[in-house]
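Notes follow once the structure below has been shown.
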Amino acid sequence: MSRVLVINPGSTSTKIAVYDGNERLLEEKLAHSKEELDQYPHIIDQYEIRKGLTLKCLAERQIPLDSLDAIVGRGGLLHPLEGGCYRVNDQMLDDLRQAVMGEHASNLGALIARAIGDDIGKPSFIVDPVVVDEMEPLARYSGAPEIPRISIFHALNQKAEAHHAAQALGKRYAECNFIVAHLGGGISVGAHRRGRVIDVNNALDGDGPFSPERSGGLPAGQLARLCFLGKWTLDQIKQRIKGHGGLVAYLGTNDGGDIAKRIEAGDDHAREVFEAMAYQVAKEIGAMAAVLEGEIDAIVITGGLAHIAFFVEWIVKRVRFIAPIKIMPGEDEMFALYEGVLPVLHGEEQPKEYAGRQDLTGENET
């Protein structure tokens, strides 16, 4: 048995959980008001209040700190790294404090985990942050040398569900080829070859299918004209790509459930937009099938939108000829973080060491 504290800081909450074996002893969502967070000019400044609330919750729920075997935090915006479980080391802490790849609440996960772990003499880890980068050299070419394709995606859930799919097949993840489509506020479709995500769309910043709140890939010439004809400011363009794009731009909401209700009530425009999003997901799955040269054990469809049966069926009807399909709705980041650290705690794997900025392409960085 291994008792593990999981810490997952988000923009307006800090989720914590404690698992012992496969039993969940605690799961809490500690909410932070806008007024509370507005006091802090930078994400890093929220460290003390979020750590304090975490410790207070554990005390109130009578979970002694010295009963923990390890602490795992949500990985933040670090330099690109390969997937896996990483020990929280000093280089990682330095890069997160300096926000070398940007500010995000998840940056606090490793910091809080390390502080609590050090206080009780127990190890601290992160697992599969969004910056996991296992792309092969060919996948990095965009057509413009100044704009290489980069890997930012739902690595934690994609890899967790790929592991589950492999287990269902009686195999190890490292023995399988999968296409995994994560359907959430952002959409990522990854080509998993023998335990590595060798190609995936940038789910955050203008690549792949459009999603509930992101534009996905846009026609470059038309986008350039919007930028340089003075119609939109840089901030407006960035908002359209991330936050105000996709379903928000077309239908005024990012809530797939609400859109499903509109469709069921006879809204033909909502139906067409929603089906267009499914169409683009299917196209991306087809592209990843080409990346894997047709050698695919299964297509895995996961994420919150996978709960909407007719949306999933729109995708399935276009890709079922490629490979068997496994529907794994939703996501459980907390349990995925716990699962991701178990092989290390059980001595089956060694934790990886974060090295900061490095070249994952085999070429010199510019």
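Going by the structure tokens order, chains are called A, B, ..., each with residues numbered from 1, while ligands are numbered from 1 in the order shown.
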
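Across region 110-210 of chain A, DSSP run on the backbone finds alpha helix (DSSP H) at A:Ala110, A:Leu111, A:Ile112, A:Ala113, A:Arg114, A:Ala115, A:Ile116, A:Gly117, A:Asp118, A:Asp119, A:Ile120, A:Ala155, A:Leu156, A:Asn157, A:Gln158, A:Lys159, A:Ala160, A:Glu161, A:Ala162, A:His163, A:His164, A:Ala165, A:Ala166, A:Gln167, A:Ala168.
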
Export C-alpha atoms of the chosen residues as a PDB file, in the first residue's frame?
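This is the output file selection-v6.pdb:
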```pdb
ATOM      1  CA  ALA A 110       5.466  20.937  -7.665  1.00  0.00           C
ATOM      2  CA  LEU A 111       6.360  23.788  -5.314  1.00  0.00           C
ATOM      3  CA  ILE A 112       3.721  22.851  -2.728  1.00  0.00           C
ATOM      4  CA  ALA A 113       4.444  19.131  -3.093  1.00  0.00           C
ATOM      5  CA  ARG A 114       8.165  19.644  -2.510  1.00  0.00           C
ATOM      6  CA  ALA A 115       7.606  21.892   0.533  1.00  0.00           C
ATOM      7  CA  ILE A 116       5.293  19.394   2.248  1.00  0.00           C
ATOM      8  CA  GLY A 117       7.506  16.460   1.296  1.00  0.00           C
ATOM      9  CA  ASP A 118      10.634  18.122   2.658  1.00  0.00           C
ATOM     10  CA  ASP A 119       8.865  18.978   5.916  1.00  0.00           C
ATOM     11  CA  ILE A 120       8.048  15.312   6.588  1.00  0.00           C
ATOM     12  CA  ALA A 155      -0.500  14.484 -21.706  1.00  0.00           C
ATOM     13  CA  LEU A 156      -1.657  13.312 -18.278  1.00  0.00           C
ATOM     14  CA  ASN A 157      -5.082  12.068 -19.396  1.00  0.00           C
ATOM     15  CA  GLN A 158      -3.924  10.841 -22.805  1.00  0.00           C
ATOM     16  CA  LYS A 159      -1.194   8.682 -21.325  1.00  0.00           C
ATOM     17  CA  ALA A 160      -3.354   7.460 -18.434  1.00  0.00           C
ATOM     18  CA  GLU A 161      -6.106   6.291 -20.787  1.00  0.00           C
ATOM     19  CA  ALA A 162      -3.560   4.771 -23.176  1.00  0.00           C
ATOM     20  CA  HIS A 163      -2.216   2.723 -20.255  1.00  0.00           C
ATOM     21  CA  HIS A 164      -5.785   1.612 -19.431  1.00  0.00           C
ATOM     22  CA  ALA A 165      -6.433   0.681 -23.061  1.00  0.00           C
ATOM     23  CA  ALA A 166      -3.260  -1.386 -23.145  1.00  0.00           C
ATOM     24  CA  GLN A 167      -4.264  -3.184 -19.942  1.00  0.00           C
ATOM     25  CA  ALA A 168      -7.644  -4.014 -21.493  1.00  0.00           C
TER      26      ALA A 168
END
```

Val248 (chain A): which residues within 12 Å, counting only C-alpha atoms, same-chain residues fewer than 4 positions away excluded, as a compact mmCIF listing (two decimals) with N, CA and C atoms, in the first residue's frame?
```txt
# COMPACT_ATOMS: atom_id res chain seq x y z
N GLY A 185 -12.25 21.22 -23.11
CA GLY A 185 -12.26 22.63 -23.50
C GLY A 185 -11.27 22.89 -24.62
N GLY A 186 -10.17 22.15 -24.60
CA GLY A 186 -9.26 22.04 -25.73
C GLY A 186 -9.31 20.62 -26.24
N PHE A 210 -10.86 22.67 -34.13
CA PHE A 210 -11.38 23.67 -33.20
C PHE A 210 -12.08 22.95 -32.06
N SER A 211 -12.24 23.65 -30.95
CA SER A 211 -12.74 23.03 -29.72
C SER A 211 -13.77 23.95 -29.08
N PRO A 212 -14.30 23.61 -27.92
CA PRO A 212 -15.28 24.49 -27.29
C PRO A 212 -14.83 25.94 -27.13
N GLU A 213 -13.53 26.19 -26.91
CA GLU A 213 -13.11 27.57 -26.70
C GLU A 213 -11.83 27.95 -27.43
N ARG A 214 -11.36 27.11 -28.36
CA ARG A 214 -10.13 27.39 -29.10
C ARG A 214 -10.37 27.22 -30.58
N SER A 215 -9.63 28.02 -31.34
CA SER A 215 -9.89 28.09 -32.78
C SER A 215 -9.35 26.89 -33.53
N GLN A 239 -7.06 36.11 -28.13
CA GLN A 239 -8.30 35.66 -27.48
C GLN A 239 -9.13 34.79 -28.42
N ARG A 240 -9.13 35.12 -29.72
CA ARG A 240 -9.88 34.31 -30.67
C ARG A 240 -9.25 32.93 -30.82
N ILE A 241 -7.94 32.85 -30.74
CA ILE A 241 -7.25 31.56 -30.83
C ILE A 241 -7.50 30.73 -29.58
N LYS A 242 -7.45 31.37 -28.43
CA LYS A 242 -7.54 30.64 -27.15
C LYS A 242 -8.46 31.37 -26.19
N GLY A 243 -9.64 30.83 -26.00
CA GLY A 243 -10.58 31.41 -25.05
C GLY A 243 -11.88 31.83 -25.68
N HIS A 244 -11.80 32.56 -26.81
CA HIS A 244 -13.01 33.05 -27.47
C HIS A 244 -13.18 32.47 -28.87
N GLY A 252 -21.53 31.11 -28.89
CA GLY A 252 -21.60 31.92 -27.68
C GLY A 252 -21.46 31.17 -26.37
N THR A 253 -21.07 29.90 -26.42
CA THR A 253 -20.89 29.11 -25.21
C THR A 253 -19.85 28.03 -25.44
N ASN A 254 -19.16 27.63 -24.35
CA ASN A 254 -18.22 26.51 -24.44
C ASN A 254 -18.79 25.26 -23.79
N ASP A 255 -20.06 25.27 -23.44
CA ASP A 255 -20.70 24.17 -22.73
C ASP A 255 -21.32 23.18 -23.71
N GLY A 256 -20.64 22.05 -23.90
CA GLY A 256 -21.13 21.05 -24.84
C GLY A 256 -22.49 20.51 -24.46
N ASP A 258 -24.96 22.12 -22.95
CA ASP A 258 -25.98 23.09 -23.35
C ASP A 258 -26.22 23.04 -24.86
N ILE A 259 -25.14 22.90 -25.61
CA ILE A 259 -25.29 22.83 -27.07
C ILE A 259 -26.04 21.56 -27.46
N ALA A 270 -26.73 25.04 -34.52
CA ALA A 270 -25.90 24.45 -33.47
C ALA A 270 -25.48 23.03 -33.87
N VAL A 273 -22.57 23.26 -36.48
CA VAL A 273 -21.30 23.66 -35.88
C VAL A 273 -20.72 22.51 -35.06
N PHE A 274 -21.56 21.89 -34.25
CA PHE A 274 -21.10 20.79 -33.40
C PHE A 274 -20.60 19.62 -34.24
```

**Message:** Need to verify the contact set: region 323-333 of chain A, 10 Å, only C-alpha atoms, exclusion of same-chain residues closer than 5 positions in sequence. Can you return it as a VMD selection string?
**Reply:** chain A and resid 6 8 15 74 156 to 158 160 to 162 164 to 165 168 178 to 184 289 294 to 309 312 316 338 to 339

Selected residues written out, C-alpha atoms, as a PDB file, in the first residue's frame:
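Listed below is the output, out_8.pdb:
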```
ATOM      1  CA  VAL A   6      -2.201  14.622  -4.751  1.00  0.00           C
ATOM      2  CA  ASN A   8      -3.691  19.952  -8.449  1.00  0.00           C
ATOM      3  CA  LYS A  15      -7.890  20.229  -5.742  1.00  0.00           C
ATOM      4  CA  ARG A  74       0.310  18.666 -11.098  1.00  0.00           C
ATOM      5  CA  LEU A 156      -1.657  13.312 -18.278  1.00  0.00           C
ATOM      6  CA  ASN A 157      -5.082  12.068 -19.396  1.00  0.00           C
ATOM      7  CA  GLN A 158      -3.924  10.841 -22.805  1.00  0.00           C
ATOM      8  CA  ALA A 160      -3.354   7.460 -18.434  1.00  0.00           C
ATOM      9  CA  GLU A 161      -6.106   6.291 -20.787  1.00  0.00           C
ATOM     10  CA  ALA A 162      -3.560   4.771 -23.176  1.00  0.00           C
ATOM     11  CA  HIS A 164      -5.785   1.612 -19.431  1.00  0.00           C
ATOM     12  CA  ALA A 165      -6.433   0.681 -23.061  1.00  0.00           C
ATOM     13  CA  ALA A 168      -7.644  -4.014 -21.493  1.00  0.00           C
ATOM     14  CA  PHE A 178      -2.821   4.097 -30.150  1.00  0.00           C
ATOM     15  CA  ILE A 179      -4.510   7.212 -31.432  1.00  0.00           C
ATOM     16  CA  VAL A 180      -5.900   9.079 -28.422  1.00  0.00           C
ATOM     17  CA  ALA A 181      -8.400  11.921 -28.845  1.00  0.00           C
ATOM     18  CA  HIS A 182      -8.958  14.042 -25.741  1.00  0.00           C
ATOM     19  CA  LEU A 183     -12.178  16.030 -26.135  1.00  0.00           C
ATOM     20  CA  GLY A 184     -12.420  18.837 -23.585  1.00  0.00           C
ATOM     21  CA  ALA A 289      -3.386   7.026 -38.639  1.00  0.00           C
ATOM     22  CA  GLY A 294      -1.964   2.142 -40.226  1.00  0.00           C
ATOM     23  CA  GLU A 295      -0.480   0.000 -37.439  1.00  0.00           C
ATOM     24  CA  ILE A 296      -2.964   0.856 -34.694  1.00  0.00           C
ATOM     25  CA  ASP A 297      -4.179  -1.268 -31.792  1.00  0.00           C
ATOM     26  CA  ALA A 298      -7.082   1.058 -30.967  1.00  0.00           C
ATOM     27  CA  ILE A 299      -8.478   4.569 -31.219  1.00  0.00           C
ATOM     28  CA  VAL A 300      -9.195   5.906 -27.720  1.00  0.00           C
ATOM     29  CA  ILE A 301     -11.791   8.684 -27.308  1.00  0.00           C
ATOM     30  CA  THR A 302     -11.758  10.402 -23.930  1.00  0.00           C
ATOM     31  CA  GLY A 303     -12.470  13.720 -22.199  1.00  0.00           C
ATOM     32  CA  GLY A 304     -15.647  15.457 -21.097  1.00  0.00           C
ATOM     33  CA  LEU A 305     -17.284  15.655 -24.536  1.00  0.00           C
ATOM     34  CA  ALA A 306     -16.998  11.861 -24.835  1.00  0.00           C
ATOM     35  CA  HIS A 307     -20.072  11.731 -22.555  1.00  0.00           C
ATOM     36  CA  ILE A 308     -22.201  13.124 -25.416  1.00  0.00           C
ATOM     37  CA  ALA A 309     -23.137   9.983 -27.326  1.00  0.00           C
ATOM     38  CA  VAL A 312     -18.913  10.634 -30.342  1.00  0.00           C
ATOM     39  CA  VAL A 316     -16.819   7.088 -34.864  1.00  0.00           C
ATOM     40  CA  TYR A 338      -1.667   8.876  -8.238  1.00  0.00           C
ATOM     41  CA  GLU A 339      -1.405   6.024 -10.742  1.00  0.00           C
TER      42      GLU A 339
END
```

**Message:** Nearest residue to Ala203 (chain A) out of A:Leu37, A:Val131, A:His32, A:Tyr173, using only C-alpha atoms?
**Reply:** A:Val131

**Message:** Using DSSP secondary structure from the backbone, list all strand (DSSP E) positions within region 57-306 of chain A, as a count of residues only.
**Reply:** 37

**Complete:** Counting only C-alpha atoms, the residue among A:Thr14, A:Asn202, A:Gln222, A:Ser124 that lies closest to Val72 (chain A) is A:Ser124

**Message:** Using only C-alpha atoms, which protein or nucleic acid residues come within 12 Å of Pro41 (chain A)? Drop anything in the same chain fewer than 5 positions from it, and give the result as an NGL selection string.
**Reply:** :A and (36 or 46 or 103)

Include N, CA and C atoms and write out the residues we just selected as a PDB file, in the first residue's frame.
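The result, stored in selection.pdb:
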```
ATOM      1  N   GLU A  36      -9.838  37.289  -3.608  1.00  0.00           N
ATOM      2  CA  GLU A  36      -8.700  36.742  -2.873  1.00  0.00           C
ATOM      3  C   GLU A  36      -7.462  36.667  -3.758  1.00  0.00           C
ATOM      4  N   GLN A  46       0.794  33.253  -4.924  1.00  0.00           N
ATOM      5  CA  GLN A  46      -0.308  32.518  -4.284  1.00  0.00           C
ATOM      6  C   GLN A  46       0.169  31.278  -3.527  1.00  0.00           C
ATOM      7  N   GLU A 103       3.334  31.735 -16.905  1.00  0.00           N
ATOM      8  CA  GLU A 103       2.652  31.616 -15.619  1.00  0.00           C
ATOM      9  C   GLU A 103       1.382  30.788 -15.759  1.00  0.00           C
TER      10      GLU A 103
END
```

Would you mind listing what lies within 6 Å of Gly216 (chain A) as an mmCIF file with N, CA and C atoms, in the first residue's frame, with only C-alpha atoms counted and same-chain residues fewer than 4 positions away left out?
```cif
data_model
loop_
_atom_site.group_PDB
_atom_site.id
_atom_site.type_symbol
_atom_site.label_atom_id
_atom_site.label_comp_id
_atom_site.auth_asym_id
_atom_site.auth_seq_id
_atom_site.Cartn_x
_atom_site.Cartn_y
_atom_site.Cartn_z
ATOM 1 N N GLY A 206 -3.586 27.192 -31.335
ATOM 2 C CA GLY A 206 -3.868 27.338 -32.755
ATOM 3 C C GLY A 206 -3.382 26.216 -33.632
ATOM 4 N N ASP A 207 -3.807 24.990 -33.343
ATOM 5 C CA ASP A 207 -3.416 23.842 -34.146
ATOM 6 C C ASP A 207 -4.486 22.772 -33.972
ATOM 7 N N GLY A 208 -4.682 21.956 -34.993
ATOM 8 C CA GLY A 208 -5.618 20.851 -34.898
ATOM 9 C C GLY A 208 -7.075 21.277 -34.989
ATOM 10 N N PRO A 209 -8.003 20.431 -34.497
ATOM 11 C CA PRO A 209 -9.434 20.736 -34.582
ATOM 12 C C PRO A 209 -9.808 21.942 -33.725
ATOM 13 N N PHE A 210 -10.861 22.667 -34.131
ATOM 14 C CA PHE A 210 -11.379 23.674 -33.200
ATOM 15 C C PHE A 210 -12.083 22.952 -32.058
#
```

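Once Gly195 (chain A) and its same-chain neighbours fewer than 3 positions away are set aside, Tyr173, Ala174, Glu175, Cys176, Asn177 and His192 of chain A remain within 8 Å of it when counting only C-alpha atoms.
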
**Request:** Show which residues sit within 12 Å of region 95-101 of chain A, as JSON, numbers by chain. Count only C-alpha atoms, and ignore same-chain residues fewer than 4 positions away.
**Result:** {"A": [42, 43, 44, 45, 46, 47, 75, 76, 77, 78, 79, 80, 88, 89, 90, 91, 105, 106, 107, 108, 109, 110, 111, 112, 130, 131, 152, 354, 355, 356, 357]}

**Asked** Which distance in Å separates CA of Leu81 (chain A) and CA of Arg193 (chain A), to one decimal?
**Response** 16.8 Å

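Counting only C-alpha atoms and comparing A:Lys283, A:Lys122, A:Lys56, A:Lys171, the residue that lies closest to Arg3 (chain A) is A:Lys122.
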
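Counting only C-alpha atoms, the residue from A:Glu82, A:Asp38, A:Asp205, A:Asp66 that sits nearest to Glu136 (chain A) is A:Glu82.
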
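Shortest separation to Glu275 (chain A) among A:Leu204, A:Phe311, A:Ser151, A:Gln350 occurs at residue A:Phe311, atoms counted being only C-alpha atoms.
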
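Nearest residue to Arg196 (chain A) among A:Asp128, A:Asp20, A:Leu251, A:Leu93 is A:Asp128, counting only C-alpha atoms.
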
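Distance-wise, CA of Leu226 (chain A) and CA of Asp199 (chain A) end up 29.3 Å apart.
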